[in-house]
Amino acid sequence: MAWTNLASAKTLPGRYHKAYSQLVDGLSKKQIAELKAGFSLYAKGWVTAPSSTKVRDGLGPHFNAVSCVSCHQHNGRGRAPIQGLKPDFSLLMRLSVQGQNKDGSPVGDPVYGTQFHPRATLGVENEGDLELTYTEKNEVLAGGKVVSLQVPSYKFKNLKYGSMSQDIMISPRVAPHLAGVGYLDKVSEEQILEYADELDSNRDGISGKVNYVWNVLAQKKTIGRFGWKANQPTLLQQNAGAFNGDLGITSSLFPNQNCSSLQSDCLSALDGGAPEISDKHLDFVNLMVSSIDRPKVKRLKNYEEGKKVFFQLKCQQCHRPSFQVEGKEVKAYTDLLLHDMGAALADGRADFLANGREWKTPPLWGIGAQKEVNGHTYLLHDGRARNVEEAILWHGGEAEKSKQMYKALSEEERESLLNFVNSL
């Protein structure tokens, strides 16, 4: 991971799989040096306090992973585990009960809070185990092709602090790749609002909705754009939230540990200071993440034909092809808005203005590099779709018509469309 020449660095350190590690142009020597420090905080494991490693102590007491790269290997996308195996670092479980906090955020379980933590530091009980199993259901396409979809089922086991609330709501989440997120952080609010049509006033069946969420630094609600339900307003807050929720690292934005009042061993554990990551170091990490360049397009066979099918199916109504950011056309294929995706994908869990059937349109860029970087093609918020075709067939709600149109395509048209998406 050595950086031999900071001034000429073009990619983040690593031995291979560079598709999600290219750096944007124009970084100064000072920025590269700060970015290097941010990468160290992002890539190296955090340790339990107290430790001689003062900069990176304070892990836990409850946590999902020991580093950011545990979930974002090669800055890429995580996946759900193979059936029967324990979930890996990149799958986490959101928790909540009925109601909202004063800022509009979900109310956590009285015992286990808003995120389930299967790992803990020495002397502290982990919260329990999570078991994942799948059943299969079939979709039949024109021409008779049968596609089997895997339906996930989750079960909490060996809960160490007692039962969860009877009205507990759960929502599994898999880590997305990080390429290009700095551009999404800079998309103007005006451009996001362009596509918003909550009441479907134009009667096209698409009603993209803005999620207004609590902005810690601004101390008011602003447009959400990060997270599977657009529940974070800025990349900085998203990163600070991940440090806190996933690693148990406090910051000035999220100063409290992941301990409920009923978890006495967690509350009494030693910490790594207040806060455990300083504003300066958090800014270094944020600079590093925001400096990863957008993914490159690799044109597969019948790319142009597939693009035409993409538009014929009206996919662009949610997967908006591009934004303008600092004079550049940024082709992320997302509108950053919430959409009703139907009962099959619903988690039943509200998050600020997002209801239990709504999800933010995920960017499509980078899909073409996912197999190379992370060794798999699993998609959707919980990784249930094993490839692009399965992801399409899980669409419902506002995308039901597009899914039915996909099912009616010829085999050649389907292949062209899949090649187009897998080129992005």
# chains A, B, ... in the order shown; residues from 1 in each chain; ligands from 1
>>> select_by_dssp(residues="range 57-298 of chain A", states="strand (DSSP E)", output="PyMOL selection string")
chain A and resi 62-63+91-100+106-107+115-116+119-120+129-140+146-157+169-174+212-215+220-223
>>> select_by_dssp(residues="range 43-242 of chain A", states="helix (DSSP H, G or I)", output="ChimeraX atom specification")
/A:43,54-56,68-71,73-75,181-186,189-195,235-242
>>> residues_around(residues="range 406-417 of chain A", least_positions_apart="2", cutoff="9 Å", atoms="only C-alpha atoms", output="count of residues only")
29
>>> atom_distance(atom1="CA of Lys186 in chain A", atom2="CA of Pro363 in chain A")
14.8 Å
>>> residues_around(residues="range 240-254 of chain A", least_positions_apart="2", cutoff="7 Å", atoms="only C-alpha atoms", output="ChimeraX atom specification")
/A:58-67,115,216,236-238,256-258,275-279
>>> write_last_selection(atoms="C-alpha atoms", output="PDB file, in the first residue's frame")
ATOM      1  CA  GLY A  58     -12.152   3.410  20.470  1.00  0.00           C
ATOM      2  CA  LEU A  59     -13.610   0.509  18.480  1.00  0.00           C
ATOM      3  CA  GLY A  60     -17.063  -0.508  19.680  1.00  0.00           C
ATOM      4  CA  PRO A  61     -18.098  -1.478  22.325  1.00  0.00           C
ATOM      5  CA  HIS A  62     -20.709  -2.836  19.869  1.00  0.00           C
ATOM      6  CA  PHE A  63     -19.795  -2.911  16.187  1.00  0.00           C
ATOM      7  CA  ASN A  64     -20.293  -4.608  12.816  1.00  0.00           C
ATOM      8  CA  ALA A  65     -16.797  -4.191  11.379  1.00  0.00           C
ATOM      9  CA  VAL A  66     -13.311  -3.030  12.400  1.00  0.00           C
ATOM     10  CA  SER A  67     -12.660  -0.791   9.392  1.00  0.00           C
ATOM     11  CA  GLN A 115     -28.752  -1.072  14.334  1.00  0.00           C
ATOM     12  CA  VAL A 216     -26.561  17.793  11.953  1.00  0.00           C
ATOM     13  CA  LEU A 236     -19.660  13.870   5.548  1.00  0.00           C
ATOM     14  CA  GLN A 237     -22.681  12.939   7.644  1.00  0.00           C
ATOM     15  CA  GLN A 238     -22.978   9.590   5.845  1.00  0.00           C
ATOM     16  CA  ASN A 256     -22.973   8.834  21.569  1.00  0.00           C
ATOM     17  CA  GLN A 257     -21.931   5.188  21.762  1.00  0.00           C
ATOM     18  CA  ASN A 258     -24.156   2.375  20.469  1.00  0.00           C
ATOM     19  CA  PRO A 275     -14.865  12.200  20.241  1.00  0.00           C
ATOM     20  CA  GLU A 276     -12.996   9.104  19.088  1.00  0.00           C
ATOM     21  CA  ILE A 277     -12.369  10.508  15.620  1.00  0.00           C
ATOM     22  CA  SER A 278     -11.537  14.193  15.442  1.00  0.00           C
ATOM     23  CA  ASP A 279     -13.118  16.617  12.994  1.00  0.00           C
TER      24      ASP A 279
END
>>> atom_distance(atom1="CA of Arg79 in chain A", atom2="CA of Ala391 in chain A")
13.8 Å
